[in-house]
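Everything on this sheet refers to the single structure shown next.
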Amino acid sequence: MPSVKERKPLGQLFVENRKITQEQLNEALRYKNEKGIYFGKALLELNYITEHELAQFLAAQMDIPFVKLDDLTIDKEIIRLIPEDMAREYQVIPLFKIGDQLTIATADPLNVEIIDIITKQTGMDLDLVLATESDIQYAVDVYYGKSKKIEGLSEENIEYEVEDIEKKREAAREEEITGNTQVIEAVNTMLLQAIDMGVSDIHFEPREKDVRIRFRLDGTLFENYTLPKAFQASVASRLKIMCNMDIAETRKPQDGRIRFKKDNKRVSLRVSTYPTYFGEKIVMRVLDKEKNQVELSNLGFTQDVLQKWQELIHLPNGIILVTGPTGSGKTTTLYSTLTTLNTVSKNIITVEDPIEYELDNINQGQVNPKIGVTFSSALRTILRQDPDIMMIGELRDQETVELAIRSALTGHLVLSTLHTNDAPSAITRMIDMGVEPYLISSTLRAVLAQRLIRKLCPHCKERFTPPLKVLEKFNLDPTKAYTFYKPVGCIQCRNTGYLGRLGLFELLTNDEKMSEMIVSGATLNQLRKYAISQGMVQLMYQGIQLAKEGIVSIEEVLEITSMV
């Protein structure tokens with residue numbers, strides 16, 4: 001790259017470095033004059049260069065540093081030096097300070113007016129570094145929070161007020177016919193952003209004066225937008241239209257599904273409405289097949305548990321259960337297992353409530369109590385469909401459990417779920433449901449209990465020594481030196497300190513001795529002790545091992561496993 005002291009024109013720098021041709025330079029200059037925009041903007045709009053290339057060459061031309069903000073962690077005290085509205089309006093973000101000098105990132109270092117305003121606000125000398133507009137916008141959203149309203153929606157430009165059912169219907173028809181651009185774009189923006197961020201749920205929550213929109217990412221909810229109250233009805237109607245709900249019905253809960261296309265893939269959203277005091281709360285579960293089709297080896301199994309699980313799922317018959325609370329990843333584990341078992345020689349049939357992801361070459365069925373299709377009735381039917389492997393979404397009652405046992409006794413492999421805190425509790429739960437212990441002992445092959453735990457962000461985690469009471473909680477020797485890490489927060493993890501999740505697994509396998517214990521009425525504690533003696537590693541201790549390896553935080557392990 002040429003010496004900065006030469007101060008060559010930006011266009012000449014790009015030509016000399018073969019980023020653009022002379023013809024493209026001439027076209028960009030013509031476009032700049034025609035549109036009345038600055039030269040760099042013209043290059044971007046013509047797709048001749050990328051935003052990062054422009055910023056790097058501007059930095060070289062002006063002899064100021066260029067930074068990628070995702071490489072930095074910004075202290076919360078530094079963020080407070082510049083108010084949120086000023087950071088958003090002027091597209092700047094403070095990075096750090098040394099003495100009375102504050103370093104800020106800006107995309108427009110030539111704007112003297114902005115620099116003067118920020119200097120007066122902070123009372124400090126400014127040291128400028130260059131960053132891209134999109135990087136600064138993202139950093140502002142991360143560190144200040146996405147509390148701003150969706151752009152383009154304001155109280156002044158609302159197009160209709162909806163009072164009665166007929167007006168709602170008419171407004172919705174009009175929106176579909178004419179395409180209410182603001183509402184449609186706002187909804188599409190929300191859905192696209194959620195998919196890009198990899199969130200699992202979107203919450204549309206009416207409040208007294210506005211509507212809060214929250215995203216769930218890595219199991220944690222955070223506020224992402226607020227909407228003006230006047231747009232509550234139109235956005236809710238738009239969402240209900242997209243999933244074929246009755247837009248006039250606001251007093252009863254409804255369920256629906258949206259198929260949303262992004263780039264070359266389709267993403268499904270399972271939608272549920274619930275009437276509240278301030279209007280309908282709408283929750284959308286994002287069902288991204290590509291994101292959630294995880295290989296068994298990538299779920300977080302230890303090598304020993306993975307090997308045992310692979311052996312168990314290839315047994316010719318019996319019942320294998322996956323247990324855990326809602327949101328613990330049971331469905332993902334079952335789908336990954338079915339994908340592993342899916343071969344031409346196997347007839348795999350499922351009965352689910354609802355079908356979350358469509359699996360190729362697997363026969364998936366959904367319960368529908370309104371027409372009499374329950375787990376038990378569907379199970380009776382699929383027994384006549386010559387199945388090799390059956391997956392039942394959940395063992396909810398005695399009848400379903402007994403049908404699953406009958407299926408296992410007649411030579412089928414049955415996979416299903418239960419809501420229990422740990423693996424041994426699944427056995428006592430089935431007995432409590434009225435199932436004879438001898439039937440459980442003869443058909444149950446294994447129980448896999450699981451939880452999802454957030455992984456520490458590798459870019460910002462810090463070493464620390466946990467308090468004595470935490471070590472005692474995990475029966476760790478306080479005299480030994482342990483290396484643990486804690487979350488900090490940076491731009492790459494959206495200032496949460498965590499990035500991604502993995503599973504904690506507790507695998508109980510049934511053998512001859514355990515079968516005898518089940519039949520003889522052993523207590524839950526006796527079953528648990530025996531399983532541990534045979535090699536079952538409890539969820540807590542797998543979590544401790546991951547904490548020692550610096551993958552998760554010890555506090556997160558305590559929170560996730562405290563109910564076990």
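Lettering and numbering for the structure tokens are positional, with chains as A, B, ... in the shown order, residues counted from 1 in each chain, and ligands counted from 1 in the shown order.
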
Every residue of range 262-340 of chain A that DSSP places in strand (DSSP E or B), as a list in words
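Here are the strand (DSSP E or B) residues of range 262-340 of chain A: Lys262, Lys265, Arg266, Val267, Ser268, Leu269, Arg270, Val271, Ser272, Thr273, Tyr274, Pro275, Thr276, Gly279, Glu280, Lys281, Ile282, Val283, Met284, Arg285, Val286, Leu287, Gly318, Ile319, Ile320, Leu321, Val322 and Thr323 of chain A.
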
Counting only C-alpha atoms, which of A:Thr276, A:Ser134, A:Ser328, A:Thr350 gets nearest to Asp388 in chain A?
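Answer, going by the shortest atom-to-atom distance: A:Thr350.
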
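The coordinates place CA of Met390 in chain A at 15.3 Å from CA of Val344 in chain A.
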
Write out as JSON, numbers by chain each polymer residue whose atoms come within 10 Å of Met514 in chain A, counting only C-alpha atoms; drop sequence neighbours fewer than 4 positions from it.
{"A": [441, 509, 510, 518, 519, 520, 522, 526, 527, 530, 531]}

Residues near range 261-269 of chain A, cut-off 9 Å, only C-alpha atoms, skip fewer than 5 positions along chain, as a list in words
Leu192, Ile195, Asp201, Cys243, Gly256, Met284, Arg285, Val286, Leu287, Asp288, Lys289, Glu290, Glu356 and Tyr357 of chain A

If you run DSSP on the backbone here, which positions in range 400-530 of chain A get alpha helix (DSSP H)? Please write them as a ChimeraX atom specification.
/A:400-409,424-432,437-443,468-473,512-519,524-530

Which of A:Ala194, A:Ala423, A:Leu128, A:Ala42 sits closest to Glu27 in chain A [using only C-alpha atoms]
A:Ala42

Nearest to Arg451 in chain A by atom-to-atom distance, counting only C-alpha atoms, from A:Asn421, A:Asn525, A:Gln22, A:Gln310
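Checking each candidate against Arg451 in chain A, we get A:Asn421 as the closest.
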
Pick out the residues sitting within 10 Å of Tyr335 in chain A, and hand them over as a ChimeraX atom specification; count only C-alpha atoms, and ignore anything fewer than 2 positions along from it in its own chain.
/A:292-296,330-333,337-341,356-359,391

What is the CA of Pro9 in chain A-CA of Ile136 in chain A distance in Å, reported with one decimal?
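Here the two named atoms are 25.1 Å from each other.
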
Could you please determine the separation between CA of Gln492 in chain A and CA of Phe222 in chain A in Å, to one decimal place?
15.8 Å

Tell me, as a PDB file with N, CA, C and O atoms, in the first residue's frame, which residues lie within 7 Å of Val414 in chain A, counting only C-alpha atoms; anything in the same chain fewer than 5 positions away does not count.
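Written file, selection_15.pdb:
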ATOM      1  N   GLY A 318     -36.977 -52.671  22.387  1.00  0.00           N
ATOM      2  CA  GLY A 318     -36.885 -52.073  23.720  1.00  0.00           C
ATOM      3  C   GLY A 318     -37.273 -50.607  23.692  1.00  0.00           C
ATOM      4  O   GLY A 318     -37.574 -50.038  22.636  1.00  0.00           O
ATOM      5  N   ILE A 319     -37.281 -50.004  24.878  1.00  0.00           N
ATOM      6  CA  ILE A 319     -37.620 -48.587  25.022  1.00  0.00           C
ATOM      7  C   ILE A 319     -36.383 -47.812  25.466  1.00  0.00           C
ATOM      8  O   ILE A 319     -35.689 -48.207  26.409  1.00  0.00           O
ATOM      9  N   ILE A 320     -36.121 -46.709  24.773  1.00  0.00           N
ATOM     10  CA  ILE A 320     -35.036 -45.802  25.146  1.00  0.00           C
ATOM     11  C   ILE A 320     -35.657 -44.426  25.369  1.00  0.00           C
ATOM     12  O   ILE A 320     -36.347 -43.901  24.494  1.00  0.00           O
ATOM     13  N   ILE A 389     -38.677 -48.909  13.800  1.00  0.00           N
ATOM     14  CA  ILE A 389     -38.341 -47.957  14.862  1.00  0.00           C
ATOM     15  C   ILE A 389     -39.487 -46.955  14.985  1.00  0.00           C
ATOM     16  O   ILE A 389     -39.991 -46.432  13.988  1.00  0.00           O
ATOM     17  N   MET A 390     -39.890 -46.684  16.228  1.00  0.00           N
ATOM     18  CA  MET A 390     -40.981 -45.743  16.476  1.00  0.00           C
ATOM     19  C   MET A 390     -40.481 -44.660  17.418  1.00  0.00           C
ATOM     20  O   MET A 390     -39.786 -44.949  18.395  1.00  0.00           O
ATOM     21  N   MET A 391     -40.855 -43.419  17.086  1.00  0.00           N
ATOM     22  CA  MET A 391     -40.534 -42.316  17.998  1.00  0.00           C
ATOM     23  C   MET A 391     -41.839 -41.677  18.455  1.00  0.00           C
ATOM     24  O   MET A 391     -42.637 -41.217  17.641  1.00  0.00           O
ATOM     25  N   ALA A 404     -46.495 -48.286  24.357  1.00  0.00           N
ATOM     26  CA  ALA A 404     -45.074 -48.271  24.005  1.00  0.00           C
ATOM     27  C   ALA A 404     -44.398 -49.552  24.474  1.00  0.00           C
ATOM     28  O   ALA A 404     -43.566 -50.139  23.758  1.00  0.00           O
ATOM     29  N   ALA A 408     -42.549 -52.501  22.289  1.00  0.00           N
ATOM     30  CA  ALA A 408     -41.201 -53.002  22.553  1.00  0.00           C
ATOM     31  C   ALA A 408     -41.205 -54.511  22.719  1.00  0.00           C
ATOM     32  O   ALA A 408     -40.286 -55.208  22.259  1.00  0.00           O
TER      33      ALA A 408
END
